[in-house]
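This report refers to the structure that appears directly beneath it.
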Amino acid sequence: MKTEVNFAGIKMKNPITVASGTFGYGREYSEFFDLSKLGAVITKGISYEPKIGNKAPRVCETPAGMLNAIGLENPGIKHFIEYDLPFLKKYDTAIIVNAFGGAGGTVQDYVKVCEVLNTLDIDGVELNLSCPNVSAGCMAFGTTYDGVKEITSACRKVLTNKPLIVKLTPNVTDITLPAKAAQDAGADAVSLINTFSAMVINTETRKPILANNTGGLSGPAIRPIAVRMVYQVAQAVNIPILGLGGIMTGNDAIEFMLAGATAVSIGAGNFYSPYTSLDVLDGVKEYLDKHKIDDINSIIGTVQMNQK
Ligand SMILES: Cc1cc2nc3c(=O)[nH]c(=O)nc-3n(C[C@H](O)[C@H](O)[C@H](O)COP(=O)(O)O)c2cc1C
């Protein structure tokens with residue numbers, strides 16, 4: 001059975017990756033399983049300078065999901081290069097670094113971190129244009145065609161030898177527009193979806209539970225919307241798609257691949273159990289076995305829509 005996929009030039013032994021911000025830089029999860037089993041590790045978002053996150057409480061549970069407003073806290077690129085990258089390089093898995101523009105969040109801030117990433121021994125860069133929990137940059141760029149095009153073009157110029165994946169926000173009316181903008185600006189792939197802007201109120205205190213008031217909704221609650229968006233984007237662009245949003249089982253991952261994803265990520269599912277990504281991989285293999293499919297690539301984008 002062939003499980004290898006070529007995702008935008010990144011050779012992955014299987015299509016299973018872990019979503020940015022839910023797996024740190026791999027260290028903690030490596031105590032549970034061998035990271036070499038994953039097709040790729042996608043790191044927590046990195047900026048040029050270290051960034052302090054939002055005040056606590058930063059997470060809360062919701063029906064079939066969770067809210068988070070971490071605020072893109074991270075130790076900065078220098079620390080990543082010295083401490084995290086050498087650790088990740090010990091494993092036989094692709095390394096995709098999720099990056100953003102830091103506290104300033106300007107185009108120049110994005111370019112600055114990408115210039116450094118271009119020099120590193122990593123397999124790809126995922127540009128976060130979609131975080132709903134910070135005041136500057138990120139989703140501010142990600143919601144319009146022009147915003148995505150401007151920032152992707154600028155980063156593309158300096159990312160001369162690394163696959164560039166643009167991560168899209170679902171907080172838009174038409175997800176195909178930012179996807180087309182990423183493609184038009186030279187991105188090698190898009191990943192979708194990031195979280196939905198959302199709020200939970202404590203009825204006793206009459207205050208939102210998160211100190212940031214709003215946060216990003218993730219987990220199984222968002223999965224059907226993510227599947228619909230992956231399908232729409234697959235019809236609109238020719239570049240490959242990394243699909244994510246609420247994946248918990250092999251069957252969930254297969255849904256995303258049928259809708260058009262070449263690879264998938266497990267996010268909030270990692271908090272439910274550190275083994276969720278491996279369970280998803282086992283489930284995918286069981287599906288291939290049951291349906292006598294000898295190459296996983298043959299199912300990508302093969303959903304058969306009903307005739308209405
Ligand atoms: C605690 C937490 C932190 C996150 N941090 C990032 C981040 O740094 N960069 C990013 O692009 N996405 C980040 N995300 C979004 C996830 O990568 C993913 O797109 C989203 O959670 C949907 O997938 P899921 O439903 O499987 O969690 C974060 C999500 C959570 C729950």
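Quick note on naming: the chains in the structure tokens go A, B, ... in the order shown, residues restart at 1 in each chain, and ligands are numbered from 1 in order of appearance.
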Could you give me, as a VMD selection string, every polymer residue with an atom at most 8 Å away from an atom of ligand 1, counting only C-alpha atoms and all ligand atoms? chain A and resid 18 to 22 43 to 46 59 65 to 70 72 to 73 98 to 100 126 to 131 167 192 to 195 216 to 223 244 to 248 265 to 269
Would you mind listing, for every residue of segment 267-303 of chain A within 10 Å of segment 28-37 of chain A, the two atoms forming the shortest contact and the distance between them in Å to one decimal, using only C-alpha atoms, sorted by chain and ascending residue number, as a Markdown table?
```
| residue | atom | partner | partner_atom | distance |
| --- | --- | --- | --- | --- |
| A:Asn270 | CA | A:Tyr29 | CA | 9.1 |
| A:Pro274 | CA | A:Tyr29 | CA | 6.6 |
| A:Tyr275 | CA | A:Phe32 | CA | 7.5 |
| A:Ser277 | CA | A:Lys37 | CA | 9.4 |
| A:Leu278 | CA | A:Lys37 | CA | 7.7 |
| A:Leu281 | CA | A:Lys37 | CA | 9.0 |
```
Selected residues, N, CA and C atoms, written as a tab-separated table (two decimals), in the first residue's frame, please.
```tsv
chain	number	residue	atom	x	y	z
A	270	ASN	N	-4.95	16.64	19.11
A	270	ASN	CA	-3.74	16.31	19.88
A	270	ASN	C	-3.93	16.54	21.37
A	274	PRO	N	-2.59	12.50	22.97
A	274	PRO	CA	-1.34	12.74	22.22
A	274	PRO	C	-1.16	11.76	21.07
A	275	TYR	N	-1.96	10.70	21.08
A	275	TYR	CA	-1.82	9.68	20.03
A	275	TYR	C	-2.80	9.88	18.87
A	277	SER	N	-2.91	11.66	16.21
A	277	SER	CA	-2.37	11.65	14.84
A	277	SER	C	-2.02	10.23	14.39
A	278	LEU	N	-1.51	9.42	15.33
A	278	LEU	CA	-1.19	8.03	14.95
A	278	LEU	C	-2.47	7.22	14.74
A	281	LEU	N	-3.64	7.98	11.34
A	281	LEU	CA	-2.85	7.26	10.34
A	281	LEU	C	-3.29	5.80	10.24
```
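Nearest to Val280 of chain A of all the residues A:Gly53, A:Gly104, A:Pro15, A:Gly9 is A:Pro15, counting only C-alpha atoms.
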When distances are computed from only C-alpha atoms, which of A:Pro63, A:Gly101, A:Pro170, A:Pro240 shows the smallest separation from Gln183 of chain A? A:Pro240
From the list A:Ile239, A:Ile81, A:Ala234, A:Ala179, the nearest residue to Ala8 of chain A using only C-alpha atoms is A:Ile239
